[in-house]
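Asker: Pasting structure-v3.csv here (CSV, C-alpha atoms):
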```
chain,number,residue,atom,x,y,z
G,1,MET,CA,111.3,42.6,98.3
G,2,ILE,CA,108.8,41.2,95.8
G,3,GLN,CA,107.5,43.5,93.2
G,4,LYS,CA,104.0,42.1,92.8
G,5,HIS,CA,102.0,42.1,89.6
G,6,GLU,CA,98.8,40.6,88.2
G,7,LEU,CA,101.0,38.7,85.7
G,8,PRO,CA,103.4,36.3,87.5
G,9,ILE,CA,106.1,36.6,84.9
G,10,LEU,CA,106.4,40.3,85.8
G,11,GLU,CA,106.9,39.7,89.5
G,12,TYR,CA,110.5,40.1,90.7
G,13,ASP,CA,112.2,39.4,94.0
G,14,SER,CA,115.0,42.0,94.2
G,15,SER,CA,116.6,41.1,97.5
G,16,SER,CA,115.8,37.8,99.3
G,17,GLU,CA,118.3,34.9,99.2
G,18,GLU,CA,117.9,31.9,96.9
G,19,VAL,CA,117.0,28.6,98.5
G,20,ILE,CA,119.0,26.6,96.0
G,21,LYS,CA,122.5,28.1,95.4
G,22,PRO,CA,124.0,27.8,91.9
G,23,ASN,CA,127.2,26.3,93.2
G,24,LEU,CA,125.5,23.8,95.5
G,25,GLY,CA,127.9,21.0,96.4
G,26,THR,CA,130.8,22.6,94.5
G,27,GLN,CA,131.8,25.5,96.7
G,28,GLN,CA,135.5,24.6,96.5
G,29,LEU,CA,135.5,24.6,92.7
G,30,LYS,CA,137.4,27.5,91.2
G,31,LEU,CA,137.0,28.0,87.4
G,32,PRO,CA,139.0,30.4,85.2
G,33,GLU,CA,137.8,34.0,85.0
G,34,LYS,CA,137.4,33.7,81.2
G,35,CYS,CA,134.8,31.4,79.7
G,36,ILE,CA,133.5,30.3,76.4
G,37,TYR,CA,129.9,29.2,76.6
G,38,ALA,CA,129.0,27.8,73.2
G,39,PHE,CA,125.9,26.5,71.5
G,40,LEU,CA,128.0,24.5,69.1
G,41,GLY,CA,127.1,20.9,69.9
G,42,HIS,CA,129.8,18.3,69.6
G,43,THR,CA,132.3,20.9,68.3
G,44,VAL,CA,132.9,21.9,71.9
G,45,ASP,CA,133.8,18.3,73.0
G,46,ASP,CA,135.8,17.7,69.8
G,47,TYR,CA,137.9,20.8,70.4
G,48,ALA,CA,138.4,19.9,74.1
G,49,LEU,CA,139.7,16.5,73.1
G,50,GLN,CA,142.1,17.9,70.5
G,51,ALA,CA,143.3,20.4,73.1
G,52,ASN,CA,143.8,17.8,75.8
G,53,ALA,CA,141.5,19.8,78.0
G,54,ALA,CA,141.0,18.8,81.6
G,55,VAL,CA,137.5,18.2,82.9
G,56,ALA,CA,137.1,20.5,86.0
G,57,GLU,CA,133.6,19.4,86.8
G,58,THR,CA,130.5,17.8,85.2
G,59,PHE,CA,127.2,19.6,85.4
G,60,GLU,CA,124.6,16.9,85.7
G,61,THR,CA,121.0,17.3,84.5
G,62,ILE,CA,118.2,14.8,84.0
G,63,THR,CA,118.7,14.8,80.2
G,64,ARG,CA,122.5,14.8,79.8
G,65,ASP,CA,125.7,15.8,81.6
G,66,TYR,CA,127.8,18.8,80.6
G,67,PRO,CA,131.6,18.5,81.0
G,68,VAL,CA,133.2,21.8,82.1
G,69,TYR,CA,136.6,21.9,80.5
G,70,ILE,CA,139.7,24.0,81.2
G,71,ILE,CA,141.8,24.6,78.1
G,72,GLN,CA,145.3,26.1,78.0
G,73,GLN,CA,145.6,28.7,75.2
G,74,ASP,CA,149.0,30.4,74.8
G,75,GLY,CA,149.6,30.3,78.6
G,76,MET,CA,146.0,31.4,79.4
G,77,GLU,CA,143.5,29.2,81.2
G,78,ILE,CA,140.0,29.4,79.6
G,79,CYS,CA,136.8,27.6,80.8
G,80,LEU,CA,135.0,25.9,77.9
G,81,CYS,CA,131.5,24.5,78.2
G,82,ALA,CA,128.7,23.5,75.8
G,83,ALA,CA,125.5,25.4,76.4
G,84,PRO,CA,122.1,23.6,76.4
G,85,LEU,CA,119.3,24.8,74.1
G,86,GLY,CA,116.7,27.2,75.6
G,87,ALA,CA,116.8,30.0,78.0
G,88,PRO,CA,116.0,28.2,81.3
G,89,ALA,CA,118.6,25.5,80.8
G,90,ALA,CA,121.2,27.8,79.4
G,91,ALA,CA,120.9,30.3,82.2
G,92,GLN,CA,121.0,27.6,84.9
G,93,LEU,CA,124.3,26.3,83.7
G,94,MET,CA,125.8,29.7,83.2
G,95,ASP,CA,124.7,30.7,86.7
G,96,PHE,CA,126.7,27.7,87.9
G,97,LEU,CA,129.8,28.8,85.9
G,98,ILE,CA,129.6,32.3,87.3
G,99,ALA,CA,129.2,31.0,90.9
G,100,CYS,CA,132.4,29.0,90.4
G,101,GLY,CA,134.5,31.9,89.2
G,102,CYS,CA,133.8,32.7,85.5
G,103,ARG,CA,133.5,36.5,85.1
G,104,LYS,CA,134.1,37.3,81.5
G,105,ILE,CA,131.9,35.1,79.3
G,106,ILE,CA,131.6,35.0,75.5
G,107,SER,CA,128.8,32.9,74.1
G,108,THR,CA,128.3,31.9,70.5
G,109,GLY,CA,125.7,30.1,68.5
G,110,SER,CA,123.3,30.2,65.5
G,111,CYS,CA,120.4,32.4,64.9
G,112,GLY,CA,117.5,32.6,62.5
G,113,VAL,CA,117.3,35.7,60.3
G,114,LEU,CA,114.2,37.8,59.8
G,115,THR,CA,115.7,39.7,56.9
G,116,ASP,CA,117.5,38.7,53.7
G,117,LEU,CA,120.8,37.9,55.3
G,118,PRO,CA,123.0,35.2,53.8
G,119,GLU,CA,123.9,32.0,55.8
G,120,ASN,CA,127.1,31.9,57.8
G,121,GLU,CA,127.4,35.6,58.4
G,122,PHE,CA,128.5,36.9,61.8
G,123,LEU,CA,126.4,39.3,63.9
G,124,ILE,CA,127.0,41.0,67.2
G,125,PRO,CA,123.9,41.6,69.3
G,126,VAL,CA,123.6,45.1,70.7
G,127,LYS,CA,120.4,44.4,72.6
G,128,ALA,CA,117.9,41.5,73.0
G,129,LEU,CA,114.2,41.6,73.1
G,130,ARG,CA,113.1,39.8,76.2
G,131,ASP,CA,110.3,37.6,74.8
G,132,GLU,CA,111.3,34.7,77.1
G,133,GLY,CA,110.6,33.9,80.7
G,134,THR,CA,114.0,33.4,82.3
G,135,SER,CA,115.4,36.9,82.2
G,136,TYR,CA,112.5,38.2,84.4
G,137,HIS,CA,113.7,36.1,87.3
G,138,TYR,CA,117.1,37.9,87.1
G,139,LEU,CA,116.2,41.5,86.4
G,140,PRO,CA,113.1,43.6,86.7
G,141,ALA,CA,110.8,43.7,83.6
G,142,SER,CA,111.8,45.7,80.6
G,143,ARG,CA,111.3,45.3,76.9
G,144,TYR,CA,115.0,45.0,76.0
G,145,ILE,CA,118.3,44.3,77.7
G,146,GLU,CA,121.4,45.9,76.3
G,147,LEU,CA,124.6,43.8,76.1
G,148,ASP,CA,127.8,45.0,77.7
G,149,LYS,CA,129.4,47.6,75.5
G,150,ASP,CA,133.0,46.9,76.6
G,151,ILE,CA,132.7,43.2,75.5
G,152,ARG,CA,130.9,44.2,72.3
G,153,ASP,CA,133.8,46.5,71.4
G,154,THR,CA,136.3,43.8,72.0
G,155,ILE,CA,134.3,41.4,69.8
G,156,GLU,CA,134.1,43.9,67.1
G,157,THR,CA,137.8,44.7,67.3
G,158,THR,CA,138.7,41.0,67.1
G,159,LEU,CA,136.5,40.4,64.1
G,160,LEU,CA,138.0,43.3,62.3
G,161,ALA,CA,141.5,42.1,63.1
G,162,HIS,CA,140.6,38.7,61.6
G,163,LYS,CA,139.1,40.5,58.6
G,164,ILE,CA,135.7,38.9,59.2
G,165,PRO,CA,132.7,41.0,58.1
G,166,PHE,CA,130.0,41.5,60.7
G,167,GLN,CA,127.0,43.5,61.5
G,168,GLU,CA,125.5,44.7,64.8
G,169,CYS,CA,121.9,43.5,65.4
G,170,ILE,CA,118.9,43.6,67.7
G,171,THR,CA,117.9,40.0,68.4
G,172,TRP,CA,114.6,38.6,69.4
G,173,THR,CA,114.9,36.0,72.2
G,174,THR,CA,111.9,33.7,72.4
G,175,ASP,CA,110.9,30.5,74.1
G,176,GLY,CA,108.4,29.6,71.5
G,177,PHE,CA,110.3,28.1,68.6
G,178,PHE,CA,107.1,26.8,66.9
G,179,ARG,CA,105.2,30.0,67.7
G,180,GLU,CA,107.2,32.3,65.5
G,181,THR,CA,104.0,33.2,63.6
G,182,GLN,CA,103.9,35.2,60.4
G,183,ASP,CA,102.3,38.2,62.1
G,184,MET,CA,104.8,38.0,65.0
G,185,VAL,CA,107.8,37.9,62.6
G,186,LYS,CA,106.5,41.0,60.8
G,187,TYR,CA,105.9,42.7,64.2
G,188,ARG,CA,109.4,42.0,65.4
G,189,LYS,CA,111.0,43.1,62.1
G,190,ALA,CA,109.0,46.4,62.3
G,191,GLU,CA,110.6,47.2,65.7
G,192,GLY,CA,114.1,46.5,64.4
G,193,CYS,CA,114.9,42.9,65.2
G,194,THR,CA,116.9,41.2,62.4
G,195,THR,CA,117.6,37.8,64.2
G,196,VAL,CA,115.8,35.3,66.4
G,197,GLU,CA,117.2,32.9,68.9
G,198,MET,CA,116.3,31.4,72.3
G,199,GLU,CA,118.9,32.5,74.9
G,200,CYS,CA,120.6,35.8,74.5
G,201,ALA,CA,118.3,37.9,76.7
G,202,ALA,CA,118.3,35.4,79.5
G,203,LEU,CA,122.1,35.0,79.5
G,204,ALA,CA,122.7,38.8,79.5
G,205,ALA,CA,120.3,39.1,82.4
G,206,CYS,CA,121.9,36.3,84.4
G,207,ALA,CA,125.4,37.8,83.9
G,208,ARG,CA,124.3,41.3,84.9
G,209,LYS,CA,122.5,40.0,88.0
G,210,ARG,CA,125.6,38.1,89.1
G,211,GLY,CA,128.2,40.8,88.3
G,212,ALA,CA,129.8,39.1,85.3
G,213,SER,CA,130.5,40.5,81.8
G,214,PHE,CA,128.8,38.9,78.8
G,215,GLY,CA,128.9,39.2,75.1
G,216,GLN,CA,127.7,37.0,72.2
G,217,ILE,CA,128.7,36.2,68.7
G,218,LEU,CA,125.9,35.0,66.5
G,219,TYR,CA,126.1,33.3,63.1
G,220,THR,CA,123.3,33.2,60.6
G,221,ALA,CA,121.6,29.8,60.1
G,222,ASP,CA,118.0,29.3,58.9
G,223,SER,CA,115.8,32.1,57.4
G,224,LEU,CA,112.4,33.4,58.2
G,225,ALA,CA,112.7,36.3,55.8
G,226,ASN,CA,110.0,34.8,53.6
G,227,ILE,CA,107.2,34.3,56.1
G,228,GLN,CA,105.4,32.0,53.7
G,229,GLU,CA,108.1,29.4,53.8
G,230,HIS,CA,110.7,28.6,56.4
G,231,ASN,CA,114.2,28.0,54.8
G,232,GLU,CA,116.4,25.7,57.0
G,233,ARG,CA,119.4,26.2,54.7
G,234,ASP,CA,122.2,24.2,56.4
G,235,TRP,CA,121.7,25.6,59.9
G,236,GLY,CA,125.0,27.5,59.7
G,237,LYS,CA,127.0,24.4,60.1
G,238,ASN,CA,130.0,25.9,58.3
G,239,SER,CA,130.5,28.4,61.1
G,240,LEU,CA,130.8,26.2,64.1
G,241,GLN,CA,134.6,25.9,64.3
G,242,LYS,CA,135.2,29.4,63.2
G,243,ALA,CA,132.9,30.7,65.9
G,244,LEU,CA,134.7,28.8,68.6
G,245,ARG,CA,138.1,30.1,67.4
G,246,LEU,CA,136.8,33.7,67.4
G,247,CYS,CA,135.6,33.3,71.0
G,248,ILE,CA,139.1,32.2,72.0
G,249,ALA,CA,140.6,35.2,70.2
G,250,VAL,CA,138.2,37.6,71.9
G,251,LEU,CA,139.1,36.3,75.4
G,252,GLN,CA,142.8,36.6,74.6
G,253,ALA,CA,142.1,40.3,73.8
G,254,ILE,CA,140.2,41.0,77.0
```
Show this structure as structure tokens.

Answerer:
Amino acid sequence: MIQKHELPILEYDSSSEEVIKPNLGTQQLKLPEKCIYAFLGHTVDDYALQANAAVAETFETITRDYPVYIIQQDGMEICLCAAPLGAPAAAQLMDFLIACGCRKIISTGSCGVLTDLPENEFLIPVKALRDEGTSYHYLPASRYIELDKDIRDTIETTLLAHKIPFQECITWTTDGFFRETQDMVKYRKAEGCTTVEMECAALAACARKRGASFGQILYTADSLANIQEHNERDWGKNSLQKALRLCIAVLQAI
């Protein structure tokens, strides 16, 4: 049934079947239950090469192809896949991974900070502000989506065990990278957001719709704390490999 609304983004189809299935043409593909879905660029492919990972499938898009790896970690099979930038593309590929068997998904990637947080700090989103479009196709409209508490608890326990400081956060998920205006940044900060990124709300909604568990580890990159001048810093590059290793440790603990 379609919940109709004057604004199309707030219309939601709760029950009818998709015309295009997320596992179209790969119905026989069976991926591991545990998955790392990482916004880490070439770090994913470099790690897969070092680990002699098998390529289970290649997800083809018009812009680039995404190898879906299977790595062996201490006797455990883990799916490893690089995530594309932006909520629509990231949710599309994650929907495919879930359709092929992934059920416990840990994502990691950088975030901008809205407050005076140092670079390369680790954060765990508790909930995400749904200021993007993709999540509204997976769940009815709401201002926030909360991330799965069980996964969050495991992430926190893992970071504590590795003696890595972290904070919980409310993150602002937006499609408009170049529309993070000065007044909007102040507004988001006033309602409790300390970070900004482009995918978390959509991925959490996709996972919930499909019955998968999802958690995310963010690391701090650029800063919008001074709204008069954006500070790129070094985009959190020192955290890429550490973030990937933490995701592996989390999945080993689940």

Asker: Give me the residues near G:Cys169 as JSON, numbers by chain, where near means some atom within 6 Å (using only C-alpha atoms) and where sequence neighbours in that chain fewer than 4 positions away do not count.

Answerer: {"G": [124, 125, 126]}

Asker: Once you count all atoms listed in the file, what closest atom pair and distance in Å to one decimal does each residue of stretch 41-93 of chain G within 12 Å of stretch 174-193 of chain G have, with rows by chain and rising residue number, as a Markdown table?

Answerer:
```
| residue | atom | partner | partner_atom | distance |
| --- | --- | --- | --- | --- |
| G:Leu85 | CA | G:Asp175 | CA | 10.2 |
| G:Gly86 | CA | G:Asp175 | CA | 6.8 |
| G:Ala87 | CA | G:Asp175 | CA | 7.1 |
| G:Pro88 | CA | G:Asp175 | CA | 9.1 |
| G:Ala89 | CA | G:Asp175 | CA | 11.4 |
| G:Ala90 | CA | G:Asp175 | CA | 11.9 |
```

Asker: Rounded to one decimal place, report the atom CA of G:Thr26-atom CA of G:Ala99 distance in Å.

Answerer: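 For atom CA of G:Thr26 relative to atom CA of G:Ala99, the distance reads 9.3 Å.
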
Asker: So how many Å separate atom CA of G:Glu77 and atom CA of G:Leu244, to one decimal?

Answerer: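 Separating atom CA of G:Glu77 from atom CA of G:Leu244 is a distance of 15.4 Å.
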
Asker: What's the 10 Å shell around stretch 8-20 of chain G, counting all atoms listed in the file, without same-chain residues fewer than 4 positions away, as number ranges by chain?

Answerer: G: 1-4, 24, 132-142, 209

Asker: Choose the residue, out of G:Arg64, G:Lys21, G:Lys104, G:Arg208, that has the smallest atom-to-atom separation from G:Gln252; count only C-alpha atoms.

Answerer: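 Of G:Arg64, G:Lys21, G:Lys104, G:Arg208, the one nearest G:Gln252 is G:Lys104, counting only C-alpha atoms.
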
Asker: Using all atoms listed in the file, which residues of stretch 74-104 of chain G come within 10 Å of stretch 210-230 of chain G, and what is the closest atom pair for each, with the distance in Å to one decimal? Give it as CSV, sorted by chain and residue number.

Answerer:
```
residue,atom,partner,partner_atom,distance
G:Asp95,CA,G:Arg210,CA,7.8
G:Ile98,CA,G:Ala212,CA,7.1
G:Ala99,CA,G:Arg210,CA,8.2
G:Gly101,CA,G:Ala212,CA,9.4
G:Cys102,CA,G:Ala212,CA,7.5
G:Arg103,CA,G:Ala212,CA,4.5
G:Lys104,CA,G:Ser213,CA,4.8
```

Asker: Just write the chosen residues, C-alpha atoms, as a tab-separated table (two decimals), in the coordinates of the input.

Answerer:
```
chain	number	residue	atom	x	y	z
G	95	ASP	CA	124.70	30.70	86.70
G	98	ILE	CA	129.60	32.30	87.30
G	99	ALA	CA	129.20	31.00	90.90
G	101	GLY	CA	134.50	31.90	89.20
G	102	CYS	CA	133.80	32.70	85.50
G	103	ARG	CA	133.50	36.50	85.10
G	104	LYS	CA	134.10	37.30	81.50
```

Asker: As an exercise, work out the distance from atom CA of G:Leu117 to atom CA of G:Thr194 in Å and give it to one decimal place.

Answerer: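 Pair atom CA of G:Leu117 / atom CA of G:Thr194 returns 8.7 Å.
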
Asker: Excluding G:Glu197 and residues on its chain fewer than 5 positions from it, collect all residues at most 7 Å away from it, counting all atoms listed in the file, and give them as a PyMOL selection string.

Answerer: chain G and resi 111-112+172-174

Asker: Dump as a ChimeraX atom specification all residues having an atom at most 9 Å from (134.1, 31.2, 68.2), computed in the file's coordinates with only C-alpha atoms.

Answerer: /G:36,38,106-109,217,239-250

Asker: Would you kindly place N, CA and C atoms on stretch 169-201 of chain G and return the model as a short mmCIF file (atom, residue, chain, number, x, y, z; two decimals), in the coordinates of the input?

Answerer:
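Saved as result38.cif:
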```cif
data_model
loop_
_atom_site.label_atom_id
_atom_site.label_comp_id
_atom_site.auth_asym_id
_atom_site.auth_seq_id
_atom_site.Cartn_x
_atom_site.Cartn_y
_atom_site.Cartn_z
N CYS G 169 123.33 43.85 65.59
CA CYS G 169 121.90 43.50 65.40
C CYS G 169 121.15 43.65 66.70
N ILE G 170 119.85 43.76 66.55
CA ILE G 170 118.90 43.60 67.70
C ILE G 170 118.31 42.21 67.49
N THR G 171 118.40 41.39 68.52
CA THR G 171 117.90 40.00 68.40
C THR G 171 116.67 39.79 69.23
N TRP G 172 115.83 38.94 68.72
CA TRP G 172 114.60 38.60 69.40
C TRP G 172 114.79 37.24 70.07
N THR G 173 114.78 37.25 71.41
CA THR G 173 114.90 36.00 72.20
C THR G 173 113.54 35.51 72.55
N THR G 174 113.23 34.29 72.12
CA THR G 174 111.90 33.70 72.40
C THR G 174 111.99 32.32 72.87
N ASP G 175 111.03 31.93 73.68
CA ASP G 175 110.90 30.50 74.10
C ASP G 175 110.13 29.69 73.14
N GLY G 176 109.36 30.33 72.27
CA GLY G 176 108.40 29.60 71.50
C GLY G 176 108.88 29.34 70.04
N PHE G 177 109.75 28.34 69.87
CA PHE G 177 110.30 28.10 68.60
C PHE G 177 109.23 27.82 67.51
N PHE G 178 108.19 27.09 67.87
CA PHE G 178 107.10 26.80 66.90
C PHE G 178 105.98 27.81 67.01
N ARG G 179 106.22 28.95 67.69
CA ARG G 179 105.20 30.00 67.70
C ARG G 179 105.77 31.32 67.17
N GLU G 180 106.72 31.19 66.27
CA GLU G 180 107.20 32.30 65.50
C GLU G 180 106.26 32.55 64.34
N THR G 181 105.10 33.11 64.64
CA THR G 181 104.00 33.20 63.60
C THR G 181 104.34 34.27 62.59
N GLN G 182 103.62 34.23 61.48
CA GLN G 182 103.90 35.20 60.40
C GLN G 182 103.67 36.62 60.89
N ASP G 183 102.58 36.87 61.60
CA ASP G 183 102.30 38.20 62.10
C ASP G 183 103.37 38.66 63.13
N MET G 184 103.80 37.70 63.97
CA MET G 184 104.80 38.00 65.00
C MET G 184 106.14 38.36 64.35
N VAL G 185 106.51 37.61 63.34
CA VAL G 185 107.80 37.90 62.60
C VAL G 185 107.72 39.29 62.03
N LYS G 186 106.60 39.63 61.40
CA LYS G 186 106.50 41.00 60.80
C LYS G 186 106.54 42.06 61.91
N TYR G 187 105.92 41.79 63.04
CA TYR G 187 105.90 42.70 64.20
C TYR G 187 107.34 42.94 64.70
N ARG G 188 108.07 41.86 64.90
CA ARG G 188 109.40 42.00 65.40
C ARG G 188 110.34 42.70 64.39
N LYS G 189 110.18 42.41 63.13
CA LYS G 189 111.00 43.10 62.10
C LYS G 189 110.67 44.60 62.14
N ALA G 190 109.41 44.95 62.32
CA ALA G 190 109.00 46.40 62.30
C ALA G 190 109.64 47.14 63.47
N GLU G 191 109.95 46.46 64.58
CA GLU G 191 110.60 47.20 65.70
C GLU G 191 112.10 47.02 65.69
N GLY G 192 112.65 46.49 64.61
CA GLY G 192 114.10 46.50 64.40
C GLY G 192 114.85 45.24 64.63
N CYS G 193 114.16 44.16 64.99
CA CYS G 193 114.90 42.90 65.20
C CYS G 193 115.21 42.29 63.81
N THR G 194 116.44 41.81 63.68
CA THR G 194 116.90 41.20 62.40
C THR G 194 117.19 39.69 62.65
N THR G 195 117.27 39.24 63.89
CA THR G 195 117.60 37.80 64.20
C THR G 195 116.64 37.32 65.26
N VAL G 196 116.58 35.99 65.35
CA VAL G 196 115.80 35.30 66.40
C VAL G 196 116.57 34.16 66.94
N GLU G 197 116.58 34.00 68.25
CA GLU G 197 117.20 32.90 68.90
C GLU G 197 116.54 32.67 70.26
N MET G 198 117.08 31.83 71.12
CA MET G 198 116.30 31.40 72.30
C MET G 198 117.01 31.67 73.64
N GLU G 199 118.17 32.35 73.66
CA GLU G 199 118.90 32.50 74.90
C GLU G 199 119.49 33.81 75.26
N CYS G 200 119.75 34.65 74.29
CA CYS G 200 120.60 35.80 74.50
C CYS G 200 120.11 36.71 75.65
N ALA G 201 118.84 37.05 75.67
CA ALA G 201 118.30 37.90 76.70
C ALA G 201 118.49 37.35 78.10
#
```
